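Colleague: Got a structure here, written out as structure tokens. Questions coming.
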Amino acid sequence: MKSPLLYIIHFTFHFLLFFYLYGTNPEKMVRATRSVEQIKIDGNLSEPIWQNAEKATDFIQSEPLPGKAATFETETFFVYDNNAIYIGAKMHDPEPDKILKELSLRDQMGNADNFKLFFDTYKSGLNGFKFCVTASGVQYEAIVSNNSEDVNWNAVWESAVKIHPNGWSVEIRIPYSSLRFPTSDIQEWNVQFGREIRRLRESSSWSFIDPLINGWVQQSGVVTNIEKVKSPVRLSLTPYISGYLNTSFDPNATDQKITSATAYSAGLDLKYGLNDAFTLDMTLIPDFGQVISDKQILNLSPFEVFFTENRQFFTEGTELFNKGNLFYSRRIGGSPFHYSDINNQIEPGEYITSNPDNSQLFNATKITGRTPGGTGIGAFNAFVGEEFATVRSENGDSRTIKTNPHTNYNAFVIDQNLKNNSFISLINTNVLRSGIDYDANVTGTFFNFKTKDQQFSISGNGVLSQKYFHDITDLGYTYNVALGKISGNWKYKAGHGVESQNYDPNDLGFLYSPNEKYISASGGYTQYKPKNEKLQQYNISGNAIYSRLYRPDVFTNFGINFENFILWKSRFAIGLNASLEPIRTFDYFEPRTLDFSKALMWPENYIVGGFISSDYRKPFACDVNFSYRGFNIDKRKTISTGIRPRIRFNDKFSVFPTTNILAIIEEPGYVDKMLTGKPIVGVSDDDILMGVRDRLIIENSITAKFTFNSVMNINMRIRHYWDKVSYQSFGLLTTEGNVDKINFNGQNDAGDKIFDRNVNIFNIDMQYNWRFAPGSDIVIVWKNQIYHNDKKYDRNYFSNLGGLFDAVQENSFSIRVLYFLDYLYLFPRKES
């Protein structure tokens, strides 16, 4: 019997041959102008070269009236010399006093007019570099991969804006060291210019971006006449030094002393251009202590919690590796491999004195780039050191237990651009551990083939996972394929996927659960030109999914979903959604059985919900959402609601409070009977103990930002998460998936409720950032954290909040100085 992967490869090859057609050429063109004079970046466009350069104009709306001429004229100019690209733009506006220009953090647009610039230097139709400047002078840049923007990419470039009686203007200087382009005496690049008039919520572009066509990168225009430019020596160093003061205070301690410790760190980030297309990035002795706190929660599910990556080295320039969740960089320098095993290794009478929850990352290196033929190549390596826990016996003797071996993380990617803005990729990741711990390897291919007219596509992947133990190799695989119509008012898609029971990419990737297979179908209609003049657009869509376990081959779920979205030209929006599971479904993961012999039955249920959103241009705006889930069983239900006001006091100061409330009533869930510490009457070792619980989760947060100017700001986030879990009854899981109630109240001999929870998580993250020179920053951070789990289950929210600060409080105060050193700035090339 042939492997399913062979069928996927065979099908992919023949589909590629069929659809390997030539795409259309962009229609709009502009000639670049070489400059031999110095251009001062001041926003005035006063140098004679701007008057002699060819003009790109006649912008076309993509919103609110797709295909119509832009309301106000925009003139754009493309100039270059031996060191950089210069872009000048004049945004005409008859009412310059109405130009919106809210200051925001870097890489955030804010409520401000803005000018956008995009380069697809290899004319791939998929990838490129995007730069934006707001009318308040704030910079935004992103690297674009497969039409998706990665705002974590950072480049060093210059810009200046000027408000004048006829509107506003911008000058931009982008050094060649911030771009990648082919080696050729005469070059043509795909290029796009865009503008947003914020008070009109009008977005326009030089080359029309039709919202009915899937993907915007391939809808760019062309810049010609770029002659005799060469990629410079792309070498930059960013050394840093940082210092920390960490404190801890326990208000319940008898002496109530504040304990403190100091720490210092120094390291270096290096970037080096190996050639015109490929870049080496390296971080030595990285320090991530100033990264914003994770939004931790109480996790009662059988699955791992996914946290976003906030460490800059792992968010910047990693778009090539982001295929199918095979590269989840939080694994690197995360929790030690045997962190949770320490309790099984201590002897009677011993206790843990320290157990580090993060492993030490010593260095990480990545090489990324794309050839003139459209072949993207990425290689990644990181080395993590050993970690040890310390335990102490009753007589005072201490010993260490290894919790993490020396570990090498590797990833390699080849991504090939194809005709019609299609692609095919191959990725391999592997994790090598010293000693007796197993090694892991994952290899996969991903593809997306589109027809010449961009109307239809087929996409999918096939992945093989391998875990190498000393005596066996554990193999698993997954594949999926989807075919559909991707452009036009009507869009639809059908798909099928399989994950084998042993598929496991989680040594460097992320997967909630394997052992599943599904078929799905979806479709929707979007109208960008409604007949009702007050409407901006509307959409209605639906999908259905049918799933089973891979092994044993048993039914798990069937659901139908519907969504509707309406946007008015006033920028008021409303969304409605409904879901239905019309038959009983089965959850084989909640019982935590390795053989999937039992499942928790979910009765027929439905969900109705929606949201409203008001106009973000106004000083006060608000989003509100609501959802109700009802079950075909007495009392069981789930209710959620959220409110997110947006308050802008002025162009410098804004506050964003958020409240989310989730009430889960009469929910059955797994409980660990080992926590009782003794046998439960009438419960055997093979029985699965379940509890029926009520759960109330309230999450409040306040995000505030004060921006002094385009290079200096303060931002703060305060978050409080409260999770109260109260078990109402307990029972045993039957073979039919029901919970048969037993005579057990969930208490120990002292009358304590063993399984109830009252969890508080409180964080403050406050950051001051000053970009005192290009690419150079001074960052001051204060982080406060409280994590508390007590037995005061009867308190209401406000009583609970009042007792929050009786818990242990940890604070971290830090300062970090980074200085950017660039070879091209130090030794610029002279004009010939």
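Ordering of the structure tokens sets the chain letters (A, B, ...); residue numbers start at 1 within each chain; ligands are numbered from 1 in the order shown.
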Within 12 Å of Asn82 of chain A, counting only C-alpha atoms, which residues qualify if same-chain residues fewer than 3 places away don't, as number ranges by chain?
Modeller: A: 33-38, 79, 85-86, 174-177, 226-232, 824, 828-832
Colleague: So that I can see what lies close to Thr262 of chain A, please list as a ChimeraX atom specification the residues with an atom at most 12 Å from it, counting only C-alpha atoms and leaving out residues fewer than 6 positions away in the same chain.
Modeller: /A:242-247,811-815
Colleague: Using only C-alpha atoms, can you tell me which of A:Gly495, A:Leu600, A:Arg311, A:Ile697 comes closest to Asp294 of chain A?
Modeller: A:Arg311
Colleague: From a DSSP pass on the backbone, collect the residues of segment 20-89 of chain A flagged as strand (DSSP E) and hand them back as a list in words.
Modeller: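 Answer for segment 20-89 of chain A restricted to strand (DSSP E) is Met29, Val30, Arg31, Thr33, Arg34, Lys55, Ala56, Ile60, Gln61, Ser62, Glu63, Thr74, Glu75, Thr76, Phe77, Phe78, Val79, Tyr80, Ala84, Ile85, Tyr86, Ile87, Gly88 and Ala89 of chain A.
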Colleague: Would you save the residues of that selection, restricted to C-alpha atoms, as a PDB file, in the first residue's frame?
Modeller:
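Result file follows (part-v1.pdb):
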```pdb
ATOM      1  CA  MET A  29       5.012  52.160 -15.114  1.00  0.00           C
ATOM      2  CA  VAL A  30       7.216  54.972 -13.826  1.00  0.00           C
ATOM      3  CA  ARG A  31      10.844  55.783 -14.645  1.00  0.00           C
ATOM      4  CA  THR A  33      15.643  59.196 -11.892  1.00  0.00           C
ATOM      5  CA  ARG A  34      19.295  59.057 -10.835  1.00  0.00           C
ATOM      6  CA  LYS A  55       5.668  61.694 -11.643  1.00  0.00           C
ATOM      7  CA  ALA A  56       3.441  58.761 -10.611  1.00  0.00           C
ATOM      8  CA  ILE A  60      -7.392  54.827  -7.660  1.00  0.00           C
ATOM      9  CA  GLN A  61      -9.526  53.963  -4.663  1.00  0.00           C
ATOM     10  CA  SER A  62      -9.726  50.450  -3.270  1.00  0.00           C
ATOM     11  CA  GLU A  63     -11.933  51.746  -0.433  1.00  0.00           C
ATOM     12  CA  THR A  74      -1.220  62.440  -5.009  1.00  0.00           C
ATOM     13  CA  GLU A  75       2.123  62.927  -6.792  1.00  0.00           C
ATOM     14  CA  THR A  76       4.957  60.467  -6.183  1.00  0.00           C
ATOM     15  CA  PHE A  77       8.578  60.541  -7.388  1.00  0.00           C
ATOM     16  CA  PHE A  78      11.229  57.796  -7.484  1.00  0.00           C
ATOM     17  CA  VAL A  79      14.879  58.902  -7.222  1.00  0.00           C
ATOM     18  CA  TYR A  80      18.023  56.915  -6.483  1.00  0.00           C
ATOM     19  CA  ALA A  84      19.815  54.656  -1.381  1.00  0.00           C
ATOM     20  CA  ILE A  85      16.340  54.962  -2.835  1.00  0.00           C
ATOM     21  CA  TYR A  86      14.597  58.334  -2.347  1.00  0.00           C
ATOM     22  CA  ILE A  87      10.830  58.650  -2.519  1.00  0.00           C
ATOM     23  CA  GLY A  88       9.068  61.988  -2.527  1.00  0.00           C
ATOM     24  CA  ALA A  89       5.304  62.357  -2.354  1.00  0.00           C
TER      25      ALA A  89
END
```
Colleague: Just want the 6 Å neighbourhood of Gln536 of chain A, counted on only C-alpha atoms, with same-chain residues fewer than 4 positions away dropped. Output as a compact mmCIF listing (two decimals) with C-alpha atoms, in the first residue's frame.
Modeller:
```txt
# COMPACT_ATOMS: atom_id res chain seq x y z
CA LEU A 567 -19.94 47.95 7.25
CA TRP A 568 -21.51 51.36 6.75
CA LYS A 569 -19.69 54.31 5.21
```
Colleague: Taking only C-alpha atoms into account, which of A:Asn632, A:Gln728, A:Asn152, A:Asn310 comes nearest Lys295 of chain A?
Modeller: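 Of the candidates, the smallest distance to Lys295 of chain A is held by A:Asn310.
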Colleague: Identify, on the basis of only C-alpha atoms, every residue whose closest approach to Val692 of chain A does not exceed 12 Å; exclude the query and any residue fewer than 4 positions from it along the same chain; express the result as a compact mmCIF listing (two decimals) with all heavy atoms, in the first residue's frame.
Modeller:
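Writing the result to out02.txt gives the following:
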```txt
# COMPACT_ATOMS: atom_id res chain seq x y z
N LYS A 635 -29.80 23.35 32.25
CA LYS A 635 -28.87 24.24 32.94
C LYS A 635 -27.56 24.51 32.20
O LYS A 635 -26.96 25.57 32.35
CB LYS A 635 -28.55 23.73 34.36
CG LYS A 635 -29.75 23.69 35.28
CD LYS A 635 -29.32 23.25 36.68
CE LYS A 635 -30.51 23.20 37.63
NZ LYS A 635 -30.10 22.76 38.99
N ARG A 636 -27.04 23.58 31.42
CA ARG A 636 -25.73 23.78 30.82
C ARG A 636 -25.79 24.88 29.76
O ARG A 636 -26.64 24.87 28.87
CB ARG A 636 -25.21 22.49 30.20
CG ARG A 636 -23.78 22.64 29.67
CD ARG A 636 -23.22 21.36 29.13
NE ARG A 636 -21.88 21.58 28.59
CZ ARG A 636 -21.15 20.66 27.97
NH1 ARG A 636 -21.63 19.42 27.83
NH2 ARG A 636 -19.95 20.94 27.52
N ILE A 664 -19.27 29.86 32.33
CA ILE A 664 -19.48 28.50 31.85
C ILE A 664 -20.25 27.75 32.94
O ILE A 664 -19.76 27.59 34.06
CB ILE A 664 -18.15 27.79 31.54
CG1 ILE A 664 -17.31 28.63 30.58
CG2 ILE A 664 -18.39 26.41 30.97
CD1 ILE A 664 -15.91 28.11 30.37
N ILE A 665 -21.45 27.31 32.62
CA ILE A 665 -22.35 26.72 33.61
C ILE A 665 -22.52 25.22 33.33
O ILE A 665 -22.79 24.82 32.19
CB ILE A 665 -23.73 27.41 33.58
CG1 ILE A 665 -23.56 28.95 33.62
CG2 ILE A 665 -24.60 26.91 34.72
CD1 ILE A 665 -22.88 29.46 34.86
N GLU A 666 -22.35 24.42 34.39
CA GLU A 666 -22.60 22.97 34.33
C GLU A 666 -21.78 22.30 33.24
O GLU A 666 -22.27 21.48 32.46
CB GLU A 666 -24.09 22.70 34.12
CG GLU A 666 -24.99 23.17 35.25
CD GLU A 666 -24.97 22.24 36.46
OE1 GLU A 666 -24.78 21.03 36.28
OE2 GLU A 666 -25.16 22.74 37.58
N GLU A 667 -20.50 22.61 33.19
CA GLU A 667 -19.61 22.00 32.20
C GLU A 667 -18.93 20.76 32.78
O GLU A 667 -18.26 20.85 33.82
CB GLU A 667 -18.53 23.00 31.76
CG GLU A 667 -17.53 22.40 30.79
CD GLU A 667 -16.30 23.27 30.60
OE1 GLU A 667 -15.70 23.68 31.62
OE2 GLU A 667 -15.94 23.54 29.45
N PRO A 668 -19.03 19.61 32.13
CA PRO A 668 -18.29 18.45 32.60
C PRO A 668 -16.84 18.49 32.14
O PRO A 668 -16.55 18.95 31.03
CB PRO A 668 -19.04 17.27 31.95
CG PRO A 668 -19.63 17.85 30.71
CD PRO A 668 -19.93 19.30 31.01
N GLY A 669 -15.94 18.05 32.99
CA GLY A 669 -14.52 18.05 32.64
C GLY A 669 -13.73 17.07 33.48
O GLY A 669 -14.15 16.68 34.58
N TYR A 670 -12.59 16.69 32.98
CA TYR A 670 -11.73 15.73 33.65
C TYR A 670 -11.15 16.32 34.94
O TYR A 670 -10.79 17.51 34.99
CB TYR A 670 -10.60 15.34 32.70
CG TYR A 670 -9.51 14.50 33.31
CD1 TYR A 670 -9.63 13.12 33.40
CD2 TYR A 670 -8.34 15.09 33.81
CE1 TYR A 670 -8.63 12.34 33.96
CE2 TYR A 670 -7.34 14.33 34.36
CZ TYR A 670 -7.49 12.95 34.44
OH TYR A 670 -6.49 12.19 34.99
N VAL A 671 -11.06 15.48 35.98
CA VAL A 671 -10.34 15.85 37.20
C VAL A 671 -9.39 14.70 37.54
O VAL A 671 -9.68 13.52 37.30
CB VAL A 671 -11.29 16.13 38.39
CG1 VAL A 671 -12.08 17.40 38.14
CG2 VAL A 671 -12.23 14.98 38.64
N VAL A 725 -13.37 28.64 39.78
CA VAL A 725 -13.90 27.34 39.37
C VAL A 725 -14.55 26.68 40.57
O VAL A 725 -13.92 26.52 41.62
CB VAL A 725 -12.78 26.44 38.80
CG1 VAL A 725 -13.36 25.12 38.32
CG2 VAL A 725 -12.03 27.14 37.69
N SER A 726 -15.81 26.30 40.42
CA SER A 726 -16.56 25.69 41.51
C SER A 726 -17.21 24.40 41.01
O SER A 726 -18.06 24.44 40.12
CB SER A 726 -17.63 26.66 42.03
OG SER A 726 -18.42 26.05 43.04
N TYR A 727 -16.81 23.27 41.58
CA TYR A 727 -17.35 21.97 41.16
C TYR A 727 -18.66 21.70 41.90
O TYR A 727 -18.75 21.81 43.12
CB TYR A 727 -16.35 20.86 41.42
CG TYR A 727 -15.24 20.83 40.38
CD1 TYR A 727 -14.12 21.64 40.50
CD2 TYR A 727 -15.36 20.01 39.26
CE1 TYR A 727 -13.13 21.63 39.52
CE2 TYR A 727 -14.37 19.99 38.29
CZ TYR A 727 -13.27 20.80 38.42
OH TYR A 727 -12.29 20.79 37.45
N GLN A 728 -19.68 21.30 41.13
CA GLN A 728 -21.01 21.07 41.68
C GLN A 728 -21.25 19.60 42.01
O GLN A 728 -21.98 19.27 42.94
CB GLN A 728 -22.08 21.54 40.68
CG GLN A 728 -21.89 22.97 40.21
CD GLN A 728 -21.89 23.96 41.36
OE1 GLN A 728 -22.81 23.97 42.17
NE2 GLN A 728 -20.84 24.78 41.44
N SER A 729 -20.65 18.71 41.23
CA SER A 729 -20.81 17.27 41.46
C SER A 729 -19.70 16.53 40.76
O SER A 729 -18.96 17.10 39.93
CB SER A 729 -22.18 16.79 40.95
OG SER A 729 -22.29 16.97 39.55
N PHE A 730 -19.60 15.23 41.07
CA PHE A 730 -18.56 14.39 40.47
C PHE A 730 -19.20 13.09 40.01
O PHE A 730 -20.23 12.65 40.54
CB PHE A 730 -17.45 14.11 41.48
CG PHE A 730 -16.70 15.34 41.89
CD1 PHE A 730 -17.17 16.13 42.95
CD2 PHE A 730 -15.56 15.73 41.23
CE1 PHE A 730 -16.49 17.27 43.33
CE2 PHE A 730 -14.88 16.88 41.60
CZ PHE A 730 -15.34 17.65 42.66
N GLY A 731 -18.58 12.47 39.01
CA GLY A 731 -19.11 11.22 38.50
C GLY A 731 -18.07 10.48 37.68
O GLY A 731 -16.94 10.95 37.48
N LEU A 732 -18.44 9.32 37.21
CA LEU A 732 -17.57 8.48 36.40
C LEU A 732 -18.03 8.50 34.95
O LEU A 732 -19.24 8.48 34.66
CB LEU A 732 -17.58 7.04 36.94
CG LEU A 732 -17.13 6.87 38.39
CD1 LEU A 732 -17.16 5.39 38.78
CD2 LEU A 732 -15.74 7.46 38.62
N LEU A 733 -17.07 8.53 34.05
CA LEU A 733 -17.36 8.57 32.63
C LEU A 733 -17.77 7.17 32.16
O LEU A 733 -17.05 6.19 32.36
CB LEU A 733 -16.14 9.05 31.85
CG LEU A 733 -16.33 9.26 30.35
CD1 LEU A 733 -17.33 10.38 30.08
CD2 LEU A 733 -14.98 9.60 29.69
N ASN A 738 -21.47 9.59 28.93
CA ASN A 738 -22.16 10.34 29.95
C ASN A 738 -21.36 10.34 31.26
O ASN A 738 -20.40 9.58 31.42
CB ASN A 738 -23.55 9.74 30.20
CG ASN A 738 -24.42 9.78 28.96
OD1 ASN A 738 -24.54 10.82 28.33
ND2 ASN A 738 -25.01 8.64 28.62
N VAL A 739 -21.76 11.19 32.21
CA VAL A 739 -21.13 11.25 33.53
C VAL A 739 -22.15 10.76 34.55
O VAL A 739 -23.16 11.42 34.79
CB VAL A 739 -20.66 12.68 33.86
CG1 VAL A 739 -20.05 12.72 35.26
CG2 VAL A 739 -19.66 13.17 32.82
N ASP A 740 -21.87 9.58 35.13
CA ASP A 740 -22.74 9.02 36.16
C ASP A 740 -22.31 9.55 37.53
O ASP A 740 -21.18 9.32 37.97
CB ASP A 740 -22.67 7.49 36.16
CG ASP A 740 -23.57 6.88 35.10
OD1 ASP A 740 -24.27 7.66 34.42
OD2 ASP A 740 -23.55 5.65 34.94
N LYS A 741 -23.22 10.26 38.19
CA LYS A 741 -22.90 10.91 39.45
C LYS A 741 -22.59 9.87 40.54
O LYS A 741 -23.23 8.82 40.62
CB LYS A 741 -24.07 11.79 39.88
CG LYS A 741 -23.78 12.68 41.07
CD LYS A 741 -24.97 13.61 41.34
CE LYS A 741 -24.70 14.51 42.54
NZ LYS A 741 -25.84 15.43 42.79
N ILE A 742 -21.57 10.20 41.38
CA ILE A 742 -21.20 9.34 42.50
C ILE A 742 -21.28 10.15 43.80
O ILE A 742 -21.35 11.38 43.78
CB ILE A 742 -19.78 8.76 42.33
CG1 ILE A 742 -18.74 9.89 42.29
CG2 ILE A 742 -19.69 7.88 41.08
CD1 ILE A 742 -17.29 9.39 42.29
N ASN A 745 -17.88 14.42 47.33
CA ASN A 745 -18.07 15.87 47.36
C ASN A 745 -16.82 16.67 46.99
O ASN A 745 -16.83 17.90 47.05
CB ASN A 745 -18.58 16.32 48.73
CG ASN A 745 -17.61 15.96 49.85
OD1 ASN A 745 -16.47 15.55 49.61
ND2 ASN A 745 -18.08 16.09 51.10
N GLY A 746 -15.72 15.99 46.63
CA GLY A 746 -14.52 16.70 46.22
C GLY A 746 -13.75 17.35 47.35
O GLY A 746 -12.94 18.24 47.10
N PHE A 755 -10.59 20.46 44.32
CA PHE A 755 -10.52 20.78 42.90
C PHE A 755 -10.98 22.20 42.57
O PHE A 755 -10.73 22.68 41.46
CB PHE A 755 -11.37 19.78 42.10
CG PHE A 755 -10.95 18.36 42.31
CD1 PHE A 755 -11.70 17.51 43.13
CD2 PHE A 755 -9.81 17.86 41.72
CE1 PHE A 755 -11.32 16.20 43.32
CE2 PHE A 755 -9.42 16.55 41.90
CZ PHE A 755 -10.17 15.70 42.72
N ASP A 756 -11.65 22.89 43.50
CA ASP A 756 -12.06 24.27 43.24
C ASP A 756 -10.83 25.17 43.11
O ASP A 756 -9.78 24.91 43.68
CB ASP A 756 -12.96 24.78 44.36
CG ASP A 756 -14.36 24.16 44.29
OD1 ASP A 756 -14.54 23.22 43.52
OD2 ASP A 756 -15.25 24.62 45.03
```
Colleague: What does the structure give for the distance between atom CA of Lys257 of chain A and atom CA of Ser799 of chain A, in Å to one decimal?
Modeller: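 Separation of atom CA of Lys257 of chain A and atom CA of Ser799 of chain A: 25.7 Å.
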Colleague: For atom CA of Phe708 of chain A and atom CA of Lys652 of chain A, determine how far apart the two atoms are, in Å to one decimal place.
Modeller: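 Going from atom CA of Phe708 of chain A over to atom CA of Lys652 of chain A covers 6.6 Å.
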Colleague: For Ala411 of chain A, which of A:Lys162, A:Lys323, A:Arg571, A:Arg693 is the closest residue, counting only C-alpha atoms?
Modeller: A:Lys323
Colleague: Determine, using only C-alpha atoms, which residues of segment 155-236 of chain A have any atom at most 12 Å from an atom of segment 112-124 of chain A, and tabulate each with its shortest atom pair and distance in Å to one decimal place, rows ordered by chain and then rising number, as a Markdown table.
Modeller:
```
| residue | atom | partner | partner_atom | distance |
| --- | --- | --- | --- | --- |
| A:Ser159 | CA | A:Phe115 | CA | 11.2 |
| A:Ala160 | CA | A:Phe115 | CA | 11.6 |
| A:Val161 | CA | A:Phe115 | CA | 10.2 |
| A:Ile163 | CA | A:Asp113 | CA | 11.4 |
| A:Gly167 | CA | A:Asp113 | CA | 10.8 |
| A:Trp168 | CA | A:Asp113 | CA | 9.6 |
| A:Ser169 | CA | A:Phe115 | CA | 9.2 |
| A:Val170 | CA | A:Phe115 | CA | 8.0 |
| A:Glu171 | CA | A:Phe115 | CA | 10.4 |
| A:Ile172 | CA | A:Leu117 | CA | 9.7 |
| A:Arg173 | CA | A:Leu117 | CA | 11.6 |
| A:Ile174 | CA | A:Leu117 | CA | 10.8 |
| A:Tyr176 | CA | A:Thr121 | CA | 11.5 |
| A:Ser178 | CA | A:Phe119 | CA | 11.4 |
| A:Leu179 | CA | A:Thr121 | CA | 8.3 |
| A:Arg180 | CA | A:Thr121 | CA | 7.1 |
| A:Phe181 | CA | A:Thr121 | CA | 5.4 |
| A:Pro182 | CA | A:Tyr122 | CA | 6.9 |
| A:Thr183 | CA | A:Tyr122 | CA | 10.5 |
| A:Ser184 | CA | A:Tyr122 | CA | 11.3 |
| A:Gln187 | CA | A:Thr121 | CA | 8.8 |
| A:Glu188 | CA | A:Thr121 | CA | 7.6 |
| A:Trp189 | CA | A:Thr121 | CA | 4.6 |
| A:Asn190 | CA | A:Asp120 | CA | 4.9 |
| A:Val191 | CA | A:Phe119 | CA | 4.7 |
| A:Gln192 | CA | A:Phe118 | CA | 5.0 |
| A:Phe193 | CA | A:Leu117 | CA | 4.8 |
| A:Gly194 | CA | A:Lys116 | CA | 4.6 |
| A:Arg195 | CA | A:Phe115 | CA | 4.6 |
| A:Glu196 | CA | A:Asn114 | CA | 5.4 |
| A:Ile197 | CA | A:Asp113 | CA | 5.1 |
| A:Arg198 | CA | A:Asp113 | CA | 5.0 |
| A:Arg199 | CA | A:Asp113 | CA | 7.9 |
| A:Leu200 | CA | A:Asp113 | CA | 9.7 |
| A:Arg201 | CA | A:Asp113 | CA | 9.1 |
| A:Glu202 | CA | A:Asp113 | CA | 9.6 |
| A:Ser203 | CA | A:Asn114 | CA | 9.6 |
| A:Ser204 | CA | A:Phe115 | CA | 9.9 |
| A:Ser205 | CA | A:Lys116 | CA | 8.7 |
| A:Trp206 | CA | A:Leu117 | CA | 10.1 |
| A:Ser207 | CA | A:Phe118 | CA | 11.3 |
| A:Trp216 | CA | A:Phe118 | CA | 10.8 |
| A:Val217 | CA | A:Asp120 | CA | 7.7 |
| A:Gln218 | CA | A:Ser124 | CA | 7.7 |
| A:Gln219 | CA | A:Asp120 | CA | 10.7 |
| A:Ser220 | CA | A:Asp120 | CA | 8.3 |
| A:Gly221 | CA | A:Asp120 | CA | 9.7 |
| A:Val222 | CA | A:Lys123 | CA | 8.9 |
| A:Val223 | CA | A:Phe119 | CA | 9.4 |
| A:Thr224 | CA | A:Thr121 | CA | 11.2 |
| A:Ile226 | CA | A:Thr121 | CA | 11.1 |
```
Colleague: Quick one: distance from atom CA of Ala599 of chain A to atom CA of Pro505 of chain A in Å, one decimal?
Modeller: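 So the two atoms, atom CA of Ala599 of chain A and atom CA of Pro505 of chain A, lie 24.5 Å apart.
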Colleague: With a distance cut-off of 12 Å and only C-alpha atoms, select the neighbouring residues of Tyr793 of chain A, excluding the residue or stretch itself and same-chain residues fewer than 6 positions from it, and output the selection as a PyMOL selection string.
Modeller: chain A and resi 694-696+722-727+752-760+799-800
Colleague: For each of A:Ala521, A:Cys132, A:Leu508, A:Ile764, take the minimum atom-to-atom distance to Gln809 of chain A, counting only C-alpha atoms, then give the residue where this is smallest.
Modeller: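 For Gln809 of chain A, the nearest of the candidates is A:Ile764.
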